[in-house]
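The file data_31.cif contains mmCIF, C-alpha atoms (C1' of nucleotides):
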data_my_file
#
loop_
_atom_site.label_atom_id
_atom_site.label_comp_id
_atom_site.auth_asym_id
_atom_site.auth_seq_id
_atom_site.Cartn_x
_atom_site.Cartn_y
_atom_site.Cartn_z
CA MET A 1 0.00 0.00 0.00
CA LYS A 2 1.01 3.56 -0.65
CA ARG A 3 2.40 5.36 2.34
CA PRO A 4 1.65 9.04 2.71
CA ALA A 5 4.53 11.13 1.49
CA PRO A 6 7.00 12.05 4.23
CA ALA A 7 6.50 15.45 5.74
CA HIS A 8 9.61 16.95 4.21
CA PRO A 9 10.81 14.91 1.26
CA ASP A 10 12.70 17.85 -0.11
CA PRO A 11 13.98 20.66 2.06
CA GLU A 12 13.56 23.00 -0.91
CA ALA A 13 9.88 22.10 -1.15
CA ILE A 14 9.11 23.92 2.11
CA PRO A 15 10.12 27.49 1.47
CA LYS A 16 10.93 29.13 4.78
CA VAL A 17 8.98 32.25 5.57
CA ASP A 18 11.15 35.32 5.16
CA ASP A 19 11.24 37.24 8.44
CA SER A 20 14.40 39.22 7.65
CA THR A 21 12.70 42.59 8.17
CA LEU A 22 11.53 41.58 11.63
CA ARG A 23 14.87 39.90 12.41
CA GLY A 24 16.39 43.34 12.16
CA PHE A 25 14.59 44.25 15.38
CA VAL A 26 15.92 43.18 18.75
CA GLY A 27 12.35 43.27 20.09
CA TYR A 28 11.27 40.55 17.66
CA ARG A 29 14.19 38.35 18.58
CA MET A 30 13.58 38.96 22.26
CA LYS A 31 9.92 38.00 22.00
CA ARG A 32 10.85 34.73 20.32
CA ALA A 33 13.63 33.98 22.80
CA PHE A 34 11.37 34.84 25.72
CA ASN A 35 8.64 32.56 24.40
CA VAL A 36 11.12 29.70 24.52
CA ILE A 37 12.17 30.60 28.05
CA GLN A 38 8.57 30.99 29.19
CA ASP A 39 7.52 27.64 27.70
CA ASP A 40 10.41 25.83 29.33
CA LEU A 41 9.91 27.65 32.62
CA SER A 42 6.23 26.67 32.72
CA LYS A 43 7.17 23.02 32.29
CA THR A 44 9.87 23.41 34.94
CA LEU A 45 7.44 24.91 37.46
CA LYS A 46 4.60 22.47 36.70
CA PRO A 47 5.70 19.84 39.28
CA PHE A 48 5.55 22.53 41.97
CA GLU A 49 2.16 23.75 40.76
CA LEU A 50 3.65 27.19 40.30
CA ARG A 51 3.34 29.60 37.37
CA MET A 52 5.76 32.37 36.54
CA LEU A 53 3.74 34.90 38.55
CA THR A 54 3.16 32.76 41.63
CA TYR A 55 6.82 31.73 41.54
CA THR A 56 8.02 35.33 41.32
CA ALA A 57 5.72 36.44 44.13
CA LEU A 58 6.78 33.56 46.37
CA ILE A 59 10.51 34.24 45.92
CA LEU A 60 10.10 37.95 46.61
CA ILE A 61 8.11 37.24 49.78
CA VAL A 62 10.69 34.70 50.97
CA ASP A 63 13.47 37.24 50.37
CA ASN A 64 11.55 40.20 51.83
CA PRO A 65 9.64 39.10 54.92
CA GLY A 66 7.06 41.66 56.02
CA LEU A 67 6.57 43.05 52.50
CA ARG A 68 3.31 44.93 51.86
CA GLN A 69 1.09 43.93 48.95
CA SER A 70 1.44 47.32 47.34
CA GLN A 71 5.23 47.11 47.54
CA LEU A 72 5.14 43.66 45.98
CA ALA A 73 2.82 44.83 43.20
CA ASP A 74 5.20 47.67 42.53
CA ALA A 75 8.23 45.37 42.48
CA MET A 76 6.49 42.94 40.14
CA ASP A 77 5.19 45.70 37.89
CA VAL A 78 1.59 44.53 38.14
CA GLU A 79 -1.46 46.45 39.30
CA ARG A 80 -2.62 45.80 42.88
CA PRO A 81 -5.86 44.08 41.91
CA ASN A 82 -4.01 41.47 39.86
CA LEU A 83 -1.86 40.53 42.81
CA VAL A 84 -4.84 39.61 44.97
CA VAL A 85 -5.65 36.34 43.21
CA ILE A 86 -1.97 35.40 43.08
CA LEU A 87 -1.63 35.83 46.84
CA ASP A 88 -4.99 34.13 47.46
CA GLU A 89 -3.58 31.08 45.72
CA LEU A 90 -0.29 31.09 47.67
CA GLU A 91 -2.20 31.64 50.93
CA ARG A 92 -4.71 28.87 50.22
CA ARG A 93 -1.78 26.50 49.68
CA GLU A 94 -0.32 27.73 52.99
CA LEU A 95 2.90 28.84 51.35
CA ILE A 96 2.50 32.41 52.66
CA VAL A 97 0.52 34.23 55.34
CA ARG A 98 -1.04 37.69 55.35
CA ASP A 99 -0.28 39.10 58.80
CA ARG A 100 -2.05 42.24 59.93
CA VAL A 101 0.33 45.14 60.57
CA PRO A 102 -0.45 46.44 64.09
CA THR A 103 0.71 49.97 63.28
CA ASP A 104 -1.39 50.19 60.09
CA ARG A 105 -4.45 48.01 60.11
CA ARG A 106 -5.09 48.62 56.42
CA ALA A 107 -1.95 46.78 55.38
CA TYR A 108 -0.77 43.19 55.38
CA ALA A 109 2.78 42.01 56.10
CA LEU A 110 3.48 39.13 53.75
CA LYS A 111 5.57 36.25 55.06
CA ALA A 112 6.45 32.84 53.71
CA THR A 113 5.64 29.78 55.79
CA LEU A 114 8.14 26.99 56.33
CA ALA A 115 6.43 25.09 53.53
CA GLY A 116 6.72 28.18 51.34
CA ARG A 117 10.41 28.54 52.01
CA ARG A 118 10.98 24.87 51.30
CA LEU A 119 9.02 24.96 48.06
CA SER A 120 10.82 28.11 46.93
CA GLU A 121 14.15 26.45 47.62
CA GLN A 122 13.22 23.47 45.46
CA ALA A 123 11.76 25.67 42.74
CA VAL A 124 14.86 27.87 42.62
CA ALA A 125 17.02 24.77 42.20
CA ALA A 126 14.83 23.54 39.34
CA VAL A 127 14.79 26.95 37.65
CA THR A 128 18.58 27.16 38.00
CA ALA A 129 18.85 23.86 36.13
CA HIS A 130 16.38 25.13 33.53
CA GLU A 131 18.48 28.26 32.96
CA ASP A 132 21.70 26.27 32.74
CA ARG A 133 20.03 24.18 30.07
CA LEU A 134 18.74 27.12 28.07
CA MET A 135 21.89 29.22 28.34
CA ARG A 136 24.17 26.37 27.35
CA GLY A 137 26.19 27.54 24.36
CA LEU A 138 26.70 31.03 25.76
CA ASP A 139 30.08 31.65 27.32
CA ASP A 140 30.54 33.75 30.44
CA GLY A 141 31.40 36.86 28.47
CA ALA A 142 28.30 36.60 26.30
CA LEU A 143 26.14 35.97 29.36
CA GLU A 144 27.54 38.99 31.15
CA THR A 145 26.98 41.16 28.07
CA LEU A 146 23.44 39.79 27.80
CA ARG A 147 22.67 40.65 31.43
CA HIS A 148 24.09 44.11 31.03
CA ALA A 149 22.18 44.74 27.80
CA LEU A 150 18.90 43.64 29.40
CA LYS A 151 19.53 45.92 32.37
CA THR A 152 20.23 48.82 30.03
CA ILE A 153 17.00 48.24 28.12
CA GLU A 154 15.02 47.88 31.36
CA ALA A 155 16.41 51.21 32.51
CA ARG A 156 14.79 52.88 29.47
CA LYS A 157 11.40 52.35 31.08
CA ARG A 158 8.99 55.22 30.50
CA ARG A 159 6.99 56.52 33.40
CA ASP A 160 4.32 58.53 31.67
CA MET B 1 35.99 52.32 56.78
CA LYS B 2 33.26 53.90 54.75
CA ARG B 3 29.71 53.79 55.83
CA PRO B 4 27.20 53.27 53.04
CA ALA B 5 26.36 56.92 52.61
CA PRO B 6 22.73 57.52 51.69
CA ALA B 7 22.23 59.64 48.61
CA HIS B 8 20.24 62.06 50.70
CA PRO B 9 19.22 61.78 54.37
CA ASP B 10 15.60 61.16 53.60
CA PRO B 11 13.75 59.41 56.43
CA GLU B 12 10.94 58.70 54.00
CA ALA B 13 13.25 56.82 51.67
CA ILE B 14 11.49 53.51 51.14
CA PRO B 15 13.72 50.43 51.30
CA LYS B 16 13.98 48.89 47.87
CA VAL B 17 12.59 45.37 47.50
CA ASP B 18 15.37 42.81 47.31
CA ASP B 19 15.09 40.87 44.05
CA SER B 20 18.67 39.58 44.02
CA THR B 21 17.59 35.93 43.83
CA LEU B 22 15.48 36.63 40.75
CA ARG B 23 18.13 38.93 39.25
CA GLY B 24 20.32 35.85 39.07
CA PHE B 25 18.05 34.52 36.33
CA VAL B 26 18.32 35.78 32.78
CA GLY B 27 14.64 34.94 32.30
CA TYR B 28 13.62 37.44 34.98
CA ARG B 29 15.76 40.18 33.45
CA MET B 30 14.44 39.37 30.02
CA LYS B 31 10.82 39.57 31.12
CA ARG B 32 11.44 43.00 32.63
CA ALA B 33 13.37 44.24 29.60
CA PHE B 34 10.74 42.87 27.25
CA ASN B 35 7.96 44.59 29.21
CA VAL B 36 9.73 47.89 28.59
CA ILE B 37 10.11 47.14 24.88
CA GLN B 38 6.50 46.00 24.59
CA ASP B 39 5.18 49.11 26.37
CA ASP B 40 7.18 51.42 24.15
CA LEU B 41 6.32 49.45 21.02
CA SER B 42 2.61 49.68 21.80
CA LYS B 43 2.87 53.45 22.07
CA THR B 44 4.91 53.54 18.86
CA LEU B 45 2.31 51.50 16.93
CA LYS B 46 -0.70 53.33 18.38
CA PRO B 47 -0.80 56.05 15.68
CA PHE B 48 -1.00 53.31 13.02
CA GLU B 49 -3.71 51.49 14.97
CA LEU B 50 -1.50 48.42 15.01
CA ARG B 51 -0.66 46.08 17.86
CA MET B 52 2.42 43.88 18.08
CA LEU B 53 0.54 40.94 16.54
CA THR B 54 -1.16 42.85 13.72
CA TYR B 55 2.13 44.59 12.97
CA THR B 56 4.04 41.32 12.84
CA ALA B 57 1.44 39.68 10.62
CA LEU B 58 1.35 42.64 8.25
CA ILE B 59 5.13 42.75 7.82
CA LEU B 60 5.32 39.02 7.17
CA ILE B 61 2.55 39.22 4.56
CA VAL B 62 4.22 42.20 2.84
CA ASP B 63 7.51 40.30 2.75
CA ASN B 64 5.94 36.98 1.73
CA PRO B 65 3.17 37.57 -0.81
CA GLY B 66 0.99 34.52 -1.32
CA LEU B 67 1.62 33.16 2.17
CA ARG B 68 -0.96 30.67 3.53
CA GLN B 69 -2.59 31.29 6.90
CA SER B 70 -1.19 28.06 8.28
CA GLN B 71 2.33 29.05 7.23
CA LEU B 72 1.91 32.45 8.84
CA ALA B 73 0.59 30.93 12.05
CA ASP B 74 3.59 28.63 12.07
CA ALA B 75 6.01 31.51 11.46
CA MET B 76 4.41 33.59 14.21
CA ASP B 77 4.26 30.69 16.63
CA VAL B 78 0.55 31.10 17.24
CA GLU B 79 -2.23 28.55 16.79
CA ARG B 80 -4.30 28.86 13.61
CA PRO B 81 -7.51 29.90 15.34
CA ASN B 82 -5.81 32.88 16.95
CA LEU B 83 -4.65 34.17 13.61
CA VAL B 84 -8.17 34.40 12.23
CA VAL B 85 -9.18 37.50 14.20
CA ILE B 86 -5.84 39.17 13.48
CA LEU B 87 -6.31 38.70 9.73
CA ASP B 88 -9.98 39.68 9.96
CA GLU B 89 -8.85 43.00 11.37
CA LEU B 90 -6.18 43.59 8.70
CA GLU B 91 -8.63 42.56 5.98
CA ARG B 92 -11.42 44.80 7.33
CA ARG B 93 -8.98 47.71 7.20
CA GLU B 94 -8.13 46.71 3.62
CA LEU B 95 -4.45 46.33 4.43
CA ILE B 96 -4.43 42.73 3.18
CA VAL B 97 -6.57 40.47 1.02
CA ARG B 98 -7.36 36.76 1.30
CA ASP B 99 -7.17 35.43 -2.26
CA ARG B 100 -8.45 31.96 -3.02
CA VAL B 101 -5.74 29.61 -4.23
CA PRO B 102 -6.99 28.03 -7.50
CA THR B 103 -4.92 24.87 -7.05
CA ASP B 104 -6.12 24.30 -3.47
CA ARG B 105 -9.52 25.75 -2.75
CA ARG B 106 -9.17 25.15 0.97
CA ALA B 107 -6.36 27.69 1.30
CA TYR B 108 -6.00 31.45 1.09
CA ALA B 109 -3.05 33.29 -0.42
CA LEU B 110 -2.41 36.32 1.75
CA LYS B 111 -1.30 39.52 0.05
CA ALA B 112 -0.83 43.08 1.21
CA THR B 113 -2.71 45.85 -0.56
CA LEU B 114 -1.01 49.05 -1.59
CA ALA B 115 -2.37 50.67 1.58
CA GLY B 116 -0.96 47.76 3.57
CA ARG B 117 2.47 48.12 2.03
CA ARG B 118 2.46 51.86 2.67
CA LEU B 119 1.37 51.46 6.27
CA SER B 120 3.96 48.77 6.88
CA GLU B 121 6.65 51.05 5.48
CA GLN B 122 5.67 53.85 7.85
CA ALA B 123 5.36 51.47 10.79
CA VAL B 124 8.78 49.95 10.14
CA ALA B 125 10.30 53.43 10.11
CA ALA B 126 8.63 54.27 13.42
CA VAL B 127 9.68 50.97 15.00
CA THR B 128 13.24 51.51 13.79
CA ALA B 129 13.27 54.85 15.62
CA HIS B 130 11.78 53.17 18.69
CA GLU B 131 14.54 50.56 18.69
CA ASP B 132 17.26 53.16 18.21
CA ARG B 133 15.87 54.96 21.25
CA LEU B 134 15.66 51.86 23.41
CA MET B 135 19.03 50.43 22.38
CA ARG B 136 20.87 53.69 22.90
CA GLY B 137 23.68 53.03 25.33
CA LEU B 138 24.56 49.67 23.78
CA ASP B 139 27.55 49.71 21.48
CA ASP B 140 27.70 47.67 18.28
CA GLY B 141 29.59 44.83 19.94
CA ALA B 142 27.06 44.54 22.76
CA LEU B 143 24.18 44.64 20.28
CA GLU B 144 25.71 41.93 18.16
CA THR B 145 26.32 39.76 21.22
CA LEU B 146 22.73 40.39 22.32
CA ARG B 147 21.33 39.31 18.95
CA HIS B 148 23.47 36.20 18.94
CA ALA B 149 22.52 35.30 22.52
CA LEU B 150 18.80 35.68 21.73
CA LYS B 151 19.19 33.49 18.65
CA THR B 152 20.98 30.84 20.69
CA ILE B 153 18.21 30.81 23.30
CA GLU B 154 15.51 30.69 20.62
CA ALA B 155 17.23 27.68 19.10
CA ARG B 156 16.71 25.77 22.39
CA LYS B 157 13.01 25.56 21.61
CA ARG B 158 11.41 22.30 22.67
CA ARG B 159 9.07 20.57 20.28
CA ASP B 160 7.31 18.13 22.61
"C1'" DT C 1 -8.37 10.17 5.93
"C1'" DA C 2 -5.91 14.44 6.27
"C1'" DT C 3 -5.64 19.42 5.86
"C1'" DT C 4 -7.28 24.59 5.70
"C1'" DG C 5 -9.66 27.79 7.74
"C1'" DT C 6 -13.27 28.57 11.06
"C1'" DT C 7 -16.22 28.67 15.36
"C1'" DA C 8 -16.76 28.14 20.11
"C1'" DT C 9 -14.74 28.13 24.35
"C1'" DA C 10 -11.70 28.66 28.27
"C1'" DC C 11 -7.80 30.10 30.86
"C1'" DT C 12 -4.13 33.45 31.95
"C1'" DC C 13 -2.38 38.04 32.21
"C1'" DT C 14 -3.30 42.79 32.44
"C1'" DA C 15 -5.75 47.32 33.32
"C1'" DT C 16 -9.32 50.51 35.34
"C1'" DA C 17 -13.11 52.04 38.31
"C1'" DA C 18 -15.32 51.76 42.44
"C1'" DC C 19 -15.90 49.94 46.94
"C1'" DT C 20 -14.36 49.06 52.37
"C1'" DA C 21 -11.83 49.96 56.14
"C1'" DT C 22 -8.68 52.24 57.91
"C1'" DA C 23 -5.29 56.44 58.34
"C1'" DT D 1 -8.76 63.36 52.02
"C1'" DA D 2 -5.68 59.75 51.03
"C1'" DT D 3 -4.07 54.93 51.20
"C1'" DA D 4 -4.22 49.45 51.37
"C1'" DG D 5 -6.51 45.91 49.87
"C1'" DT D 6 -10.53 44.20 47.48
"C1'" DT D 7 -14.30 43.36 44.00
"C1'" DA D 8 -16.07 43.53 39.50
"C1'" DT D 9 -15.19 43.78 34.91
"C1'" DA D 10 -13.15 44.05 30.39
"C1'" DG D 11 -9.67 43.46 26.94
"C1'" DA D 12 -5.83 41.07 25.05
"C1'" DG D 13 -3.11 36.78 24.10
"C1'" DT D 14 -3.08 31.89 23.89
"C1'" DA D 15 -4.62 26.91 23.62
"C1'" DT D 16 -7.79 22.94 22.40
"C1'" DA D 17 -11.81 20.56 20.35
"C1'" DA D 18 -14.88 20.18 16.76
"C1'" DC D 19 -16.83 21.49 12.38
"C1'" DA D 20 -17.38 22.37 6.99
"C1'" DA D 21 -15.20 22.41 2.73
"C1'" DT D 22 -11.76 20.48 0.12
"C1'" DA D 23 -7.76 17.49 -0.93
#
Can you give me the file's structure in the form of structure tokens?
Amino acid sequence: MKRPAPAHPDPEAIPKVDDSTLRGFVGYRMKRAFNVIQDDLSKTLKPFELRMLTYTALILIVDNPGLRQSQLADAMDVERPNLVVILDELERRELIVRDRVPTDRRAYALKATLAGRRLSEQAVAAVTAHEDRLMRGLDDGALETLRHALKTIEARKRRD
Amino acid sequence: MKRPAPAHPDPEAIPKVDDSTLRGFVGYRMKRAFNVIQDDLSKTLKPFELRMLTYTALILIVDNPGLRQSQLADAMDVERPNLVVILDELERRELIVRDRVPTDRRAYALKATLAGRRLSEQAVAAVTAHEDRLMRGLDDGALETLRHALKTIEARKRRD
DNA sequence: TATTGTTATACTCTATAACTATA
DNA sequence: TATAGTTATAGAGTATAACAATA
């Protein structure tokens, strides 16, 4: 019986889409690179039932005990309302607590529980392995230049 | 022995949130840098009533006349259904047309109209200026290293 | 049977306005 | 009045299943 033709019998038969105009832009390349990182990060965090946002929030709370929600929202560059559901999820899983601040009863002091600190430790180890995997092929000099370039771009942030 | 001298003796100076753990990850820096690029790009494209996705689609259609929707979706790394509304918008604005392919009546050959080519030309010029602004401060060597690093990361894409 | 484009749907991320309880 | 956290809501972006027309 006739087998269906192989997907790519001839490399010339599948003309690659020309994205040379877009390739000229760092933003285009960064979006594509970040998509790869994000995809791999999601898979890395899956076993811990964490997403990028819940992971980021957890680490920042572990590293900054007593943080207010508004400070965390500011640090994460998200609006306050969007943080609520993220913290609800971490609190429900008993990874963090929202302690009332005695001196300002409007605010909460965010703290990680022991379980939260343990999970963050494991997650950081997994994400470190994920980064090592993705950055393989870049030497120390290239990595340092990359970090510096990203910091420079971040510093161009508009506040209008 | 120097004390860490505060920039100005401001008692209201809020302590910065410590994100040193996250700063260790390129992914975190890239998300923050990309947010800045995306914000600025949105403002840059606003006068043309384009978003990142409609802009990307338009450029690829201009540069690849006759492209199929499935090829474009593949090139843009989006699922086919999500492309439909993007193309609907470009078609409604008469920037592109969906021509039937005579040899395969299931498919559409995407082509930019004259208006589409003109708009894409203007948009590319504006985005070029936006990139020049954002990348200011990076010398040619750093930029080249950045491009290469992003390509290397993109190439780590998983296909599972 | 497989593929192209489509519809319907759902989930995540993000942004704004308005509310509450404090200050 | 102003601020911290919340609720409600809406708009993007993304992913999957299922369908009609065509191969």
Any idea which chain D residues end up within 8 Å of chain B if we count only C-alpha atoms (C1' of nucleotides), as a PyMOL selection string please? chain D and resi 14-15+21-23
Can you sort out the box for region 1-20 of chain C, edges along x, y and z, all listed atoms in, 5 Å on every side, with centre and edge lengths in Å to one decimal, as AutoDock Vina command-line options?
--center_x -9.6 --center_y 31.1 --center_z 29.0 --size_x 24.4 --size_y 51.9 --size_z 56.7
Run the PyMOL selection byres ((chain B) within 12 of (chain C)) on the file and write out the hits as an MDAnalysis selection string. chainID B and resid 35 68:71 73 79:85 87:88 98 100:101 104:109
Matching each Cα of chain B to its counterpart in chain A by order, what RMSD results from the least-squares fit?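 My reading of the C-alpha RMSD is 5.7 Å.
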Determine the residue set returned by the PyMOL selection byres ((chain B) within 6 of (chain A)) for the present structure, and present it as JSON, numbers by chain. {"B": [33, 36, 146, 150, 153, 154, 157]}
In Å to one decimal, how far is CA of Arg51 (chain A) from C1' of DA8 (chain D)?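 If I compute the distance from C1' of DA8 (chain D) to CA of Arg51 (chain A), I get 24.0 Å.
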Between CA of Phe48 (chain B) and CA of Val62 (chain B), what distance in Å does the model show, to one decimal?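 If I compute the distance from CA of Phe48 (chain B) to CA of Val62 (chain B), I get 15.9 Å.
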At what distance in Å, to one decimal, does CA of Lys43 (chain B) lie from CA of Gly116 (chain B)?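 Taking CA of Gly116 (chain B) as the start and CA of Lys43 (chain B) as the end point, the length is 19.7 Å.
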